[in-house]
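**Q** Here it is, the structure, as structure tokens.
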Amino acid sequence: MADSNDGAEKTTSGVILRIQARAKQHKSISSAWTTLHHELFRVLWIASVASNIGTLMQDVGASWLMTQLAPTPIMVSLIQAAGSLPLFLLSFTSGALADILDRRRLLIFSQSWMLGAAAGLGILTVFHLASPLILLTFTFLLGLGNALNGPAWSAIVPELVPRAEVAAAVSINSVSYNVARAVGPALGGLVVAAIGSGAVFLLNAASFLGVIVVFYRWRRESHKSKLPAERVVGAMQAGWRYVKHVPSIRSTLICVSLFSVGASAFWSLVPLYARQELGREAAGYGVLLGFFGAGAVLSGSILPRLQRQMGITRLLRNITLLNAVGLALMAMWRHYPVACVAAFASGFAWTAAFSTYNTSVQLNTAAWVRGRALAFYQLTFAATFGAGSVLWGAVAEHVGIPQALLAAALSLALGLLLAGRYPVGFAEGLNLTPSSRPLPVVVNEPEAEQGPVLVTVEYRIDPQRTAEFAVAMQELGRFRRRDGAVDWGLFGDVAERGRYLETFVVESWGEYLRQQERATEADRQIWEHANSFHLPDGPPPVSRLLYAYHQETKPLPT
């Protein structure tokens, strides 16, 4: 009887502990601000607010300086083009570098690069040596640093907070930018008016120092691979394969595209809307942006609670409709108070949507390729946002600004019909913890660049379970392609029922070894499920065949 009571007490105690742990987790993610309890994340967040303010001050100073150096619309517009062009040129390359290099060192380099560029432009401006070409050149250099910084910055978030708080951390990072967006332009304008653009550039340079110090003091755990480092081109190809063969990431990128095209109308049309439709000057437009920022800050603060209470699918549907309603209100009721409410709604929806999409990409991606996946996300956003801005500008030219805003609202509503086919989630139950498989034993180790490599796995299964086996192997084939296979196939023996040969090709021996190293616990479960169909004792026999014919007459391995 005593043993029975002990067992009951242990069971009851276990249930209580699980309930307490669950309650603690819910409490910890009820507000995005709770992530600031983590010291490193808190210090970095504060430093990033200062840096973002400096960057937005820089934008004001550069645009104003160009109006003095070359006061033409095309030259002023080139400031934005010079700053954003590196994002299109280097986004995916930056993602690859964020995965194959130490992210901490890459971030220190990119922040130092931007510090040097801002300081150089500031010194030249203070001594009246800046010209339009110099201004555009240094703006481009700052854009290069920002392009290098973006994927690595996003990829370190899961290293700074627990997995359960990643969504909250992404939300609070968005809040930091919107706080800076509310303060930076106004502060930049005051400094430019008081002491000139050169001082703004030097202040921006100083704003990078805090971030550099935080990263320099961070003792990041490094996981060094025993294999040779990936080359950038090969790393980019591996990143493309990964995104291509992970349905959850593809779904998120599609939904990002559908949302950003419609949501871009606010930024492309509201400046002229405020002037022409509402009769407001710069101060009135600034107040509209203030309402947008206030909505964004509120959204980022309570987003984890909304995600938990509504679920991701319902939340994204509701905030998309909220953004559509906001744009429609601006189109149909051209009154300033209505426009302020609509701007607040758009800011709330903007932050909620993009924070959720960003989190989805992070949580559905293995650590070894996170930078590349986030680079795809950023590039998708930039491309669709830019295309949407041009689209709504062209529509406004032909039918007017209110009608273009209404068309954008309708595009958001129609996008929901397509988005329903592409679910977005946070990878609940998906264990992406690394689970490297043992490296194969070989008689004579090939060089890393030798290849391609043909791998065959022989299965003997119960013929009655052929349909189940086929489903399991399709999932395994997707996993093989995602982690490095350039070709995959499954062949059945026509002379013996139940005998199957899986084949896949990897570009090189080094890439095959990386494939083993990239495996996660989720991958291991897929692999073990496929192997469970094999009837004989032990795992299915595996053969690894190195390509034997080389036109360069390289010696074959013996």
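By order of appearance in the structure tokens: chains A, B, ..., then residues from 1 within every chain, and ligands from 1 in the order shown.
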Please identify every residue of stretch 171-249 of chain A that has at least one atom no farther than 6 Å from an atom of stretch 54-58 of chain A, counting only C-alpha atoms, and for each give the shortest atom pair and the distance in Å to one decimal, arranged by chain then increasing number, as CSV.

**A**
residue,atom,partner,partner_atom,distance
A:Gly184,CA,A:Leu56,CA,5.0
A:Pro185,CA,A:Met57,CA,5.4
A:Gly188,CA,A:Met57,CA,4.2
A:Phe201,CA,A:Gln58,CA,5.7
A:Asn204,CA,A:Gly54,CA,4.2
A:Ser207,CA,A:Gly54,CA,5.8

**Q** Next, write the just-selected residues to a file, as a PDB file, in the first residue's frame, keeping N, CA, C and O atoms as the atom set.

**A**
ATOM      1  N   GLY A 184      13.664  59.513 -34.427  1.00  0.00           N
ATOM      2  CA  GLY A 184      14.820  59.808 -35.262  1.00  0.00           C
ATOM      3  C   GLY A 184      14.645  60.935 -36.263  1.00  0.00           C
ATOM      4  O   GLY A 184      15.449  61.890 -36.279  1.00  0.00           O
ATOM      5  N   PRO A 185      13.600  60.884 -37.134  1.00  0.00           N
ATOM      6  CA  PRO A 185      13.459  61.953 -38.133  1.00  0.00           C
ATOM      7  C   PRO A 185      13.299  63.335 -37.514  1.00  0.00           C
ATOM      8  O   PRO A 185      13.910  64.311 -37.984  1.00  0.00           O
ATOM      9  N   GLY A 188      16.614  64.339 -36.053  1.00  0.00           N
ATOM     10  CA  GLY A 188      17.526  64.644 -37.137  1.00  0.00           C
ATOM     11  C   GLY A 188      17.264  66.012 -37.742  1.00  0.00           C
ATOM     12  O   GLY A 188      18.200  66.771 -38.045  1.00  0.00           O
ATOM     13  N   PHE A 201      25.666  63.121 -39.224  1.00  0.00           N
ATOM     14  CA  PHE A 201      26.438  61.947 -39.659  1.00  0.00           C
ATOM     15  C   PHE A 201      27.391  61.478 -38.557  1.00  0.00           C
ATOM     16  O   PHE A 201      27.551  60.269 -38.339  1.00  0.00           O
ATOM     17  N   ASN A 204      25.433  59.714 -35.892  1.00  0.00           N
ATOM     18  CA  ASN A 204      25.093  58.367 -36.343  1.00  0.00           C
ATOM     19  C   ASN A 204      26.281  57.436 -36.176  1.00  0.00           C
ATOM     20  O   ASN A 204      26.125  56.282 -35.740  1.00  0.00           O
ATOM     21  N   SER A 207      26.507  56.333 -32.721  1.00  0.00           N
ATOM     22  CA  SER A 207      25.425  55.434 -32.289  1.00  0.00           C
ATOM     23  C   SER A 207      25.772  53.969 -32.494  1.00  0.00           C
ATOM     24  O   SER A 207      25.156  53.096 -31.873  1.00  0.00           O
TER      25      SER A 207
END

**Q** Enumerate the residues of stretch 20-249 of chain A with a DSSP assignment of alpha helix (DSSP H), computed from the backbone, and present them as an NGL selection string.

**A** :A and (20-28 or 39-69 or 73-100 or 103-126 or 132-155 or 157-160 or 166-195 or 197-217 or 232-244 or 247-249)

**Q** Using only C-alpha atoms, which protein or nucleic acid residues come within 6 Å of stretch 150-154 of chain A? Drop anything in the same chain fewer than 3 positions from it, and give the result as a ChimeraX atom specification.

**A** /A:95,98,103,147,157,371,374-375

**Q** Point out the residue among A:Glu165, A:Leu202, A:Gly420, A:Ile100 with the least atom-to-atom distance to A:Met114, counting only C-alpha atoms.

**A**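 Nearest to A:Met114: A:Leu202.
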
**Q** If you run DSSP over the backbone, which residues in stretch 366-493 of chain A end up strand (DSSP E)? Put them as a VMD selection string.

**A** chain A and resid 453 to 460 485 to 492

**Q** Which neighbours of A:Arg481 fall inside 12 Å, counting only C-alpha atoms, when residues of the same chain fewer than 2 positions from it are skipped, and could you give them as a short mmCIF file (atom, residue, chain, number, x, y, z; two decimals) with N, CA, C and O atoms, in the first residue's frame?

**A**
data_model
loop_
_atom_site.label_atom_id
_atom_site.label_comp_id
_atom_site.auth_asym_id
_atom_site.auth_seq_id
_atom_site.Cartn_x
_atom_site.Cartn_y
_atom_site.Cartn_z
N GLN A 237 23.74 28.09 -52.74
CA GLN A 237 22.99 27.01 -53.38
C GLN A 237 22.32 26.12 -52.33
O GLN A 237 21.15 25.73 -52.50
N ALA A 238 23.04 25.84 -51.25
CA ALA A 238 22.46 25.02 -50.18
C ALA A 238 21.28 25.74 -49.54
O ALA A 238 20.27 25.11 -49.19
N GLY A 239 21.39 27.06 -49.36
CA GLY A 239 20.28 27.82 -48.81
C GLY A 239 19.06 27.81 -49.70
O GLY A 239 17.92 27.69 -49.22
N TRP A 240 19.27 27.92 -51.00
CA TRP A 240 18.16 27.87 -51.95
C TRP A 240 17.47 26.51 -51.91
O TRP A 240 16.24 26.42 -51.91
N ARG A 241 18.26 25.43 -51.86
CA ARG A 241 17.68 24.10 -51.77
C ARG A 241 16.84 23.95 -50.51
O ARG A 241 15.77 23.34 -50.53
N TYR A 242 17.35 24.48 -49.41
CA TYR A 242 16.64 24.33 -48.14
C TYR A 242 15.27 25.02 -48.22
O TYR A 242 14.24 24.43 -47.88
N VAL A 243 15.26 26.27 -48.65
CA VAL A 243 14.00 27.02 -48.73
C VAL A 243 13.05 26.34 -49.71
O VAL A 243 11.83 26.24 -49.45
N LYS A 244 13.58 25.84 -50.82
CA LYS A 244 12.75 25.22 -51.84
C LYS A 244 12.04 23.98 -51.32
O LYS A 244 10.90 23.69 -51.71
N HIS A 245 12.67 23.24 -50.42
CA HIS A 245 12.13 21.96 -49.98
C HIS A 245 11.56 21.98 -48.56
O HIS A 245 11.34 20.93 -47.97
N VAL A 246 11.31 23.17 -48.02
CA VAL A 246 10.64 23.29 -46.72
C VAL A 246 9.30 24.00 -46.95
O VAL A 246 9.27 25.23 -47.10
N GLN A 474 8.80 9.46 -49.51
CA GLN A 474 8.64 10.79 -50.10
C GLN A 474 9.09 11.87 -49.12
O GLN A 474 9.75 12.84 -49.50
N GLU A 475 8.74 11.68 -47.85
CA GLU A 475 9.18 12.63 -46.83
C GLU A 475 10.70 12.57 -46.66
O GLU A 475 11.37 13.61 -46.52
N LEU A 476 11.27 11.37 -46.70
CA LEU A 476 12.72 11.23 -46.60
C LEU A 476 13.41 11.87 -47.80
O LEU A 476 14.46 12.50 -47.66
N GLY A 477 12.82 11.71 -48.98
CA GLY A 477 13.40 12.31 -50.18
C GLY A 477 13.43 13.83 -50.09
O GLY A 477 14.41 14.47 -50.51
N ARG A 478 12.36 14.43 -49.54
CA ARG A 478 12.35 15.88 -49.36
C ARG A 478 13.45 16.30 -48.40
O ARG A 478 14.13 17.31 -48.61
N PHE A 479 13.65 15.53 -47.35
CA PHE A 479 14.72 15.81 -46.40
C PHE A 479 16.10 15.70 -47.07
O PHE A 479 16.98 16.53 -46.85
N ASP A 483 18.73 19.01 -47.61
CA ASP A 483 20.04 19.08 -46.96
C ASP A 483 21.22 18.86 -47.88
O ASP A 483 22.35 18.73 -47.42
N GLY A 484 20.98 18.77 -49.20
CA GLY A 484 22.14 18.73 -50.10
C GLY A 484 22.05 17.85 -51.32
O GLY A 484 22.90 17.96 -52.21
N ALA A 485 21.09 16.95 -51.41
CA ALA A 485 21.01 16.06 -52.58
C ALA A 485 20.53 16.84 -53.80
O ALA A 485 19.54 17.57 -53.74
N VAL A 486 21.23 16.69 -54.92
CA VAL A 486 20.82 17.35 -56.16
C VAL A 486 19.89 16.45 -56.97
O VAL A 486 19.25 16.90 -57.92
N ASP A 487 19.81 15.16 -56.61
CA ASP A 487 18.92 14.23 -57.30
C ASP A 487 18.55 13.14 -56.30
O ASP A 487 19.36 12.76 -55.45
N TRP A 488 17.32 12.65 -56.40
CA TRP A 488 16.86 11.60 -55.48
C TRP A 488 15.87 10.71 -56.23
O TRP A 488 15.11 11.19 -57.07
N GLY A 489 15.90 9.42 -55.92
CA GLY A 489 14.96 8.50 -56.56
C GLY A 489 14.76 7.25 -55.73
O GLY A 489 15.59 6.90 -54.87
N THR A 503 18.22 6.01 -54.07
CA THR A 503 19.46 6.60 -54.57
C THR A 503 19.38 8.12 -54.47
O THR A 503 18.32 8.71 -54.68
N PHE A 504 20.48 8.73 -54.13
CA PHE A 504 20.56 10.19 -54.20
C PHE A 504 21.99 10.60 -54.49
O PHE A 504 22.95 9.87 -54.17
N VAL A 505 22.13 11.74 -55.13
CA VAL A 505 23.43 12.24 -55.58
C VAL A 505 23.73 13.55 -54.86
O VAL A 505 22.87 14.43 -54.76
N VAL A 506 24.94 13.65 -54.35
CA VAL A 506 25.43 14.87 -53.69
C VAL A 506 26.61 15.38 -54.50
O VAL A 506 27.40 14.59 -55.04
N GLU A 507 26.75 16.70 -54.59
CA GLU A 507 27.73 17.30 -55.49
C GLU A 507 29.17 16.93 -55.18
O GLU A 507 30.00 16.84 -56.07
N TYR A 512 28.51 15.86 -48.89
CA TYR A 512 27.87 14.70 -48.28
C TYR A 512 28.13 14.66 -46.78
O TYR A 512 27.23 14.37 -45.98
N GLN A 515 26.03 17.09 -45.08
CA GLN A 515 24.65 16.61 -44.98
C GLN A 515 24.45 15.81 -43.70
O GLN A 515 23.42 15.94 -43.03
#

**Q** Residues of stretch 393-462 of chain A that have any atom at most 12 Å from an atom of stretch 466-470 of chain A: could you tabulate them with the shortest-distance atom pair and the distance in Å to one decimal, using only C-alpha atoms, ordered by chain and increasing number, as a tab-separated table?

**A**
residue	atom	partner	partner_atom	distance
A:Tyr459	CA	A:Phe469	CA	10.0
A:Arg460	CA	A:Thr466	CA	10.5
A:Ile461	CA	A:Thr466	CA	7.6
A:Asp462	CA	A:Thr466	CA	7.1

**Q** Go through A:Ala548, A:Leu278, A:Ala472, A:Leu187 and flag the residue nearest A:Glu528, using only C-alpha atoms for the distances.

**A**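 For A:Glu528, the nearest of the given residues is A:Ala472.
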
**Q** Could you please determine the separation between atom CA of A:Ala343 and atom CA of A:Gly425 in Å, to one decimal place?

**A** 27.4 Å

**Q** What's the 12 Å shell around A:Tyr177, counting only C-alpha atoms, without same-chain residues fewer than 6 positions away, as a list of chain:residue names?

**A**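 Contacts, in chain order: A:Trp45, A:Ile46, A:Ala47, A:Ser48, A:Val49, A:Ala50, A:Ser51, A:Asn52, A:Ile53, A:Gly54, A:Thr55, A:Leu56, A:Val170, A:Ser171, A:Val183, A:Gly184, A:Gly293, A:Ala294, A:Ala296, A:Val297, A:Gly300, A:Thr351, A:Ser355.
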
**Q** Using only C-alpha atoms, find the one residue out of A:Phe348, A:Phe426, A:Phe385, A:Trp64 that sits nearest to A:Val191.

**A** A:Trp64

**Q** Of the candidates A:Val161, A:Ala366, A:Val175, A:Ala168, which one gets nearest to A:Glu39 if we count only C-alpha atoms?

**A**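 The closest residue to A:Glu39 is A:Val161.
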
**Q** Give the answer as one residue: which of A:Met332, A:Ala155, A:Ala169, A:Val256 has the shortest atom-to-atom distance to A:Ala382, using only C-alpha atoms?

**A**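 Comparing A:Met332, A:Ala155, A:Ala169, A:Val256 against A:Ala382, the winner is A:Val256.
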
**Q** I'd like a table as CSV: residues in stretch 293-391 of chain A with an atom no more than 9 Å from stretch 428-445 of chain A, each row giving the shortest atom pair and its distance in Å to one decimal, only C-alpha atoms counted, sorted by chain and rising residue number.

**A**
residue,atom,partner,partner_atom,distance
A:Leu363,CA,A:Leu432,CA,8.5
A:Asn364,CA,A:Leu430,CA,7.9
A:Thr365,CA,A:Leu432,CA,7.6
A:Ala366,CA,A:Leu432,CA,5.6
A:Ala367,CA,A:Leu432,CA,7.8
A:Trp368,CA,A:Pro434,CA,9.0

**Q** Which neighbours of A:Ile79 fall inside 7 Å, counting only C-alpha atoms, when residues of the same chain fewer than 5 positions from it are skipped, and could you give them as a ChimeraX atom specification?

**A** /A:63,136,139

**Q** Would you list the contacts of A:Gly262 as a list in words, taking every protein, DNA or RNA residue within 9 Å and counting only C-alpha atoms, but skipping same-chain residues closer than 3 positions in sequence?

**A**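 Residues meeting the cut-off are Ser257, Leu258, Phe259, Ala265, Phe266, Asn323, Ala324, Phe385, Gly388, Ser389, Trp392, Leu405, Ala407, Ala408, Ala409, Leu410, Ser411, Leu412 and Gly415 of chain A.
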